[in-house]
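For reference, final_18.cif (mmCIF, C-alpha atoms and all ligand atoms):
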```cif
data_query
loop_
_atom_site.label_atom_id
_atom_site.label_comp_id
_atom_site.auth_asym_id
_atom_site.auth_seq_id
_atom_site.Cartn_x
_atom_site.Cartn_y
_atom_site.Cartn_z
CA MET M 1 115.97 83.69 112.44
CA THR M 2 113.74 80.99 110.97
CA ILE M 3 110.18 81.61 109.80
CA ALA M 4 108.91 79.74 112.87
CA GLU M 5 110.95 81.97 115.20
CA ARG M 6 109.72 85.14 113.52
CA ILE M 7 106.10 84.04 113.80
CA SER M 8 106.39 83.16 117.44
CA GLU M 9 108.14 86.46 118.17
CA ILE M 10 105.25 88.38 116.62
CA LYS M 11 102.58 86.19 118.19
CA ASN M 12 104.06 86.61 121.66
CA GLU M 13 103.33 90.35 121.45
CA LEU M 14 99.78 90.05 120.13
CA PRO M 15 96.72 90.66 122.29
CA ALA M 16 94.39 87.64 122.28
CA ASN M 17 91.80 89.31 120.02
CA VAL M 18 94.25 90.09 117.20
CA THR M 19 94.62 87.66 114.29
CA LEU M 20 97.94 87.40 112.48
CA VAL M 21 97.56 87.06 108.71
CA ALA M 22 100.90 85.98 107.26
CA VAL M 23 101.25 87.70 103.89
CA SER M 24 102.92 85.17 101.61
CA LYS M 25 102.61 86.95 98.24
CA THR M 26 105.52 86.26 95.87
CA LYS M 27 106.90 83.64 98.30
CA PRO M 28 107.06 79.94 97.41
CA SER M 29 104.75 77.29 98.86
CA THR M 30 107.69 75.73 100.69
CA MET M 31 107.90 78.85 102.89
CA ILE M 32 104.15 78.76 103.52
CA GLN M 33 104.44 75.09 104.49
CA GLU M 34 107.20 76.04 106.94
CA ALA M 35 104.94 78.64 108.55
CA TYR M 36 102.07 76.13 108.54
CA ASN M 37 104.24 73.59 110.35
CA ALA M 38 104.86 76.26 112.99
CA GLY M 39 101.11 76.48 113.55
CA GLN M 40 100.23 79.43 111.31
CA ARG M 41 96.85 79.00 109.55
CA HIS M 42 95.91 82.44 108.16
CA PHE M 43 97.68 83.47 104.96
CA GLY M 44 97.22 86.55 102.78
CA GLU M 45 97.73 86.85 99.04
CA ASN M 46 97.16 89.82 96.75
CA LYS M 47 96.80 88.07 93.39
CA VAL M 48 93.99 85.68 92.49
CA GLN M 49 95.97 83.28 90.30
CA GLU M 50 98.80 82.99 92.80
CA MET M 51 96.35 82.27 95.61
CA VAL M 52 94.53 79.61 93.56
CA ASP M 53 97.83 77.87 92.74
CA LYS M 54 98.96 77.86 96.35
CA TYR M 55 95.56 76.75 97.60
CA SER M 56 95.69 73.65 95.42
CA SER M 57 99.14 72.59 96.59
CA LEU M 58 98.89 73.26 100.34
CA PRO M 59 96.90 71.80 103.30
CA ASN M 60 93.17 72.41 103.06
CA ASP M 61 92.69 73.78 106.58
CA ILE M 62 94.50 77.00 105.64
CA HIS M 63 92.39 80.18 105.84
CA TRP M 64 93.10 82.16 102.66
CA HIS M 65 92.76 85.95 102.82
CA LEU M 66 92.57 87.97 99.61
CA ILE M 67 94.16 91.31 100.48
CA GLY M 68 94.77 92.81 97.02
CA HIS M 69 92.47 94.55 94.57
CA LEU M 70 89.86 92.15 93.18
CA GLN M 71 88.31 92.41 89.73
CA THR M 72 84.73 91.17 89.36
CA ASN M 73 85.67 88.75 86.57
CA LYS M 74 88.10 86.93 88.87
CA VAL M 75 85.80 86.36 91.86
CA LYS M 76 84.72 82.98 90.48
CA TYR M 77 88.21 81.51 90.88
CA ILE M 78 88.44 82.13 94.62
CA ALA M 79 84.77 81.75 95.57
CA PRO M 80 85.03 78.00 96.31
CA PHE M 81 87.58 78.43 99.11
CA VAL M 82 88.45 82.02 100.10
CA SER M 83 88.09 82.68 103.81
CA LEU M 84 88.00 86.50 103.88
CA ILE M 85 88.14 89.15 101.16
CA HIS M 86 89.72 92.31 102.65
CA SER M 87 89.50 94.50 99.57
CA VAL M 88 85.81 95.10 98.80
CA ASP M 89 85.40 98.63 97.48
CA SER M 90 82.10 98.61 95.56
CA LEU M 91 78.57 97.30 95.67
CA LYS M 92 79.11 95.87 92.21
CA LEU M 93 81.90 93.67 93.57
CA LEU M 94 79.76 92.56 96.53
CA ILE M 95 76.96 91.57 94.16
CA GLU M 96 79.38 89.43 92.15
CA ILE M 97 80.87 87.83 95.29
CA ASN M 98 77.32 87.03 96.44
CA LYS M 99 76.47 85.47 93.08
CA GLN M 100 79.57 83.27 93.02
CA ALA M 101 79.23 82.32 96.69
CA MET M 102 75.69 81.14 95.99
CA LYS M 103 76.96 78.76 93.30
CA PHE M 104 79.14 77.03 95.86
CA ASP M 105 76.53 77.20 98.60
CA ARG M 106 78.83 79.33 100.73
CA ILE M 107 78.67 82.57 102.69
CA ILE M 108 81.81 84.60 101.99
CA ASN M 109 83.12 86.97 104.64
CA CYS M 110 84.14 90.41 103.40
CA LEU M 111 85.74 93.61 104.67
CA LEU M 112 85.12 97.05 103.21
CA GLN M 113 88.41 98.64 102.21
CA PHE M 114 88.75 102.33 103.04
CA HIS M 115 91.22 104.81 101.65
CA ILE M 116 92.91 106.29 104.73
CA ALA M 117 96.37 107.11 103.36
CA GLU M 118 97.53 110.34 101.79
CA GLU M 119 98.88 108.60 98.70
CA GLU M 120 96.43 108.68 95.82
CA THR M 121 97.45 105.35 94.35
CA LYS M 122 95.88 103.18 96.99
CA PHE M 123 92.47 101.64 96.47
CA GLY M 124 89.53 101.99 98.78
CA LEU M 125 86.32 103.80 99.62
CA SER M 126 86.02 107.26 101.11
CA GLU M 127 84.03 107.42 104.34
CA GLU M 128 81.09 108.85 102.44
CA GLU M 129 81.21 106.16 99.75
CA GLY M 130 81.28 103.51 102.46
CA ILE M 131 78.24 104.96 104.18
CA ASN M 132 76.39 105.07 100.86
CA LEU M 133 77.32 101.46 100.18
CA VAL M 134 76.05 100.11 103.49
CA SER M 135 72.89 102.26 103.24
CA ASP M 136 71.92 100.72 99.92
CA PRO M 137 68.80 98.55 100.40
CA LEU M 138 70.24 96.05 97.95
CA LEU M 139 72.87 95.05 100.51
CA ASN M 140 70.25 93.32 102.67
CA THR M 141 69.21 91.12 99.77
CA LEU M 142 72.69 89.61 99.43
CA GLN M 143 72.33 86.44 101.48
CA ASN M 144 75.65 84.83 100.58
CA ILE M 145 78.02 87.54 101.74
CA ASN M 146 78.80 88.61 105.27
CA VAL M 147 80.36 92.04 105.87
CA ILE M 148 82.38 91.60 109.06
CA GLY M 149 84.42 94.80 109.22
CA VAL M 150 86.82 97.20 107.55
CA MET M 151 90.35 97.28 106.13
CA GLY M 152 92.83 100.04 105.40
CA MET M 153 96.47 100.81 104.65
CA ALA M 154 98.26 103.75 106.23
CA SER M 155 100.65 106.04 104.35
CA PHE M 156 104.16 104.76 103.77
CA THR M 157 105.96 107.32 105.91
CA GLU M 158 108.30 107.63 108.87
CA ASN M 159 105.85 110.06 110.42
CA THR M 160 104.33 107.89 113.13
CA GLU M 161 101.86 110.53 114.23
CA GLN M 162 100.41 110.61 110.73
CA VAL M 163 100.22 106.80 110.57
CA ARG M 164 98.58 106.75 113.99
CA SER M 165 95.97 109.30 112.98
CA GLU M 166 95.17 107.36 109.80
CA PHE M 167 94.60 104.20 111.83
CA ALA M 168 92.48 106.19 114.29
CA HIS M 169 90.45 107.44 111.34
CA LEU M 170 89.73 103.88 110.20
CA LYS M 171 88.70 102.95 113.73
CA HIS M 172 86.39 105.98 113.73
CA ILE M 173 84.83 104.87 110.42
CA PHE M 174 84.34 101.38 111.85
CA GLU M 175 82.63 102.72 114.97
CA GLY M 176 80.30 104.90 112.87
CA LEU M 177 79.27 102.01 110.64
CA LYS M 178 78.83 99.76 113.66
CA LYS M 179 76.58 102.25 115.43
CA ASP M 180 74.47 103.33 112.45
CA HIS M 181 74.26 100.18 110.34
CA PHE M 182 75.49 97.05 112.11
CA SER M 183 74.52 97.57 115.76
CA LYS M 184 72.64 94.27 115.85
CA LYS M 185 75.31 92.35 114.01
CA ASN M 186 77.79 90.81 116.45
CA ASP M 187 80.13 89.56 113.78
CA PHE M 188 80.77 93.06 112.42
CA LYS M 189 83.91 93.36 114.54
CA GLU M 190 87.07 93.24 112.44
CA ILE M 191 89.49 96.09 111.75
CA SER M 192 92.22 94.87 109.41
CA MET M 193 95.10 97.31 109.71
CA GLY M 194 98.84 97.13 110.30
CA MET M 195 101.70 95.65 108.26
CA SER M 196 105.34 94.81 109.05
CA GLY M 197 106.36 98.44 109.56
CA ASP M 198 103.38 99.67 111.53
CA TYR M 199 101.45 96.82 113.16
CA GLU M 200 102.36 97.80 116.73
CA LEU M 201 100.83 101.24 116.13
CA ALA M 202 97.81 99.67 114.46
CA ILE M 203 97.17 97.45 117.48
CA GLU M 204 97.39 100.46 119.80
CA GLU M 205 94.72 102.09 117.61
CA GLY M 206 92.36 99.11 117.74
CA SER M 207 93.40 96.68 115.00
CA THR M 208 91.94 93.15 115.26
CA MET M 209 93.79 91.74 112.27
CA ILE M 210 97.34 92.49 111.15
CA ARG M 211 98.74 91.61 107.72
CA VAL M 212 102.44 90.90 108.05
CA GLY M 213 104.66 89.82 105.16
CA SER M 214 108.31 90.83 105.11
CA SER M 215 108.81 90.57 108.88
CA ILE M 216 107.97 86.87 108.57
CA PHE M 217 109.17 85.80 105.12
CA GLY M 218 111.88 88.40 104.45
CA ASP M 219 112.08 91.17 101.88
CA ARG M 220 110.34 90.77 98.54
C1 LIG N 301 102.00 93.24 100.87
C2 LIG N 301 100.87 93.66 101.74
C3 LIG N 301 100.96 93.56 103.15
C4 LIG N 301 102.21 93.09 103.86
O1 LIG N 301 103.23 94.02 103.74
P1 LIG N 301 104.61 93.88 104.59
O2 LIG N 301 105.12 95.25 104.65
O3 LIG N 301 105.47 92.94 103.82
O4 LIG N 301 104.26 93.34 105.92
C5 LIG N 301 99.86 93.92 103.88
N1 LIG N 301 98.72 94.36 103.31
C6 LIG N 301 98.60 94.46 101.97
C7 LIG N 301 97.31 94.94 101.40
C8 LIG N 301 99.65 94.12 101.14
O5 LIG N 301 99.52 94.23 99.81
#
```

Encoding of this model in structure tokens:
Amino acid sequence: MTIAERISEIKNELPANVTLVAVSKTKPSTMIQEAYNAGQRHFGENKVQEMVDKYSSLPNDIHWHLIGHLQTNKVKYIAPFVSLIHSVDSLKLLIEINKQAMKFDRIINCLLQFHIAEEETKFGLSEEEGINLVSDPLLNTLQNINVIGVMGMASFTENTEQVRSEFAHLKHIFEGLKKDHFSKKNDFKEISMGMSGDYELAIEEGSTMIRVGSSIFGDR
């Protein structure tokens, strides 16, 4: 199957409110261009330098999603163009994103990344850390960032009931934050969860944004 065929196969199954982010990390710009020509506009990268390089060589109406861990000293490189940062896991990082966004007169959309998997290696906030972060009065002073939802990665396991319950947990965290902290904020509405192996489950559990790489571009 071609990249275009794989994208349309996935898109045909998606509910209207779910955005497909095509994860193009490690793949060449020629493959991204192929997906672009098939109508795909949202692309995800996990490394800053790779995203910057691809941004400069590809059409400028692409929405670039940073899905990997972000160090504060690298925010400045993506601040001019990034569309959504999925991997915010500290107030310190939000403060830096705000500062860099201000320089470019932009408002940068962000998701709070939560640790929902069993594996200890994955980044992200605990539920409690997330609640503390959004309760901090400093957050309201950051005019150049916009927190529009949450992101998480489920465990890498064949156990679908476990994966399902981890996605349900993220949805639960989202609902709690929405009710207690963002009830008046209509654009706090995104739940980024689901990858090639588990996006169908994620959608059943309320995902609004899936991040799919290998099912579109092949194995890495
Ligand atoms: C690589 C990656 C994906 C895509 O993974 P696939 O299994 O190739 O679909 C999604 N989310 C994050 C955070 C990633 O790093």

8 Å contact set for Phe43 of chain M, all atoms listed in the file, chain neighbours under 2 positions out, as a PyMOL selection string
chain M and resi 21-24+40-41+45+62-65

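Residues near the point (99.8, 85.0, 98.1), at a distance of 10 Å or less over all atoms listed in the file, make up Ala22, Val23, Ser24, Lys25, Thr26, Lys27, Pro28, Ser29, Ile32, Phe43, Gly44, Glu45, Asn46, Lys47, Val48, Gln49, Glu50, Met51, Val52, Asp53, Lys54, Tyr55, Trp64, His65, Leu66, Ile67, Gly68 and Gly213 of chain M.
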
Please identify the residues whose atoms come within 12 Å of ligand LIG 301 (chain N), using all atoms listed in the file, and report them as a ChimeraX atom specification.
/M:10,20-27,43-47,65-70,85-88,113-115,122-124,151-156,192-200,209-220

Using all atoms listed in the file, list the residues that have an atom at most 10 Å from (81.0, 85.1, 101.4), coordinates as in the file, as a PyMOL selection string.
chain M and resi 79-85+94+97-102+104-110+142-147

Could you work out an axis-aligned bounding box for all listed atoms of segment 158-176 of chain M, with 4 Å added on each of the six sides, and give its centre and edge lengths in Å to one decimal, as JSON?
```
{"center_x": 94.3, "center_y": 106.0, "center_z": 111.9, "size_x": 36.0, "size_y": 17.2, "size_z": 14.1}
```

Selected residue, from M:Leu91, M:Leu58, M:Ile7, M:Ala117, that lies nearest to Ser135 of chain M when counting only C-alpha atoms
M:Leu91

Would you compute the distance between atom CA of Asp136 of chain M and atom CA of Ser207 of chain M? Give it in Å to one decimal.
26.6 Å

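Nearest to Leu177 of chain M of all the residues M:Leu112, M:Leu93, M:Ile78, M:Met1 is M:Leu112, based on all atoms listed in the file.
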
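Going from atom CA of Glu9 of chain M to atom CA of His169 of chain M covers 28.3 Å.
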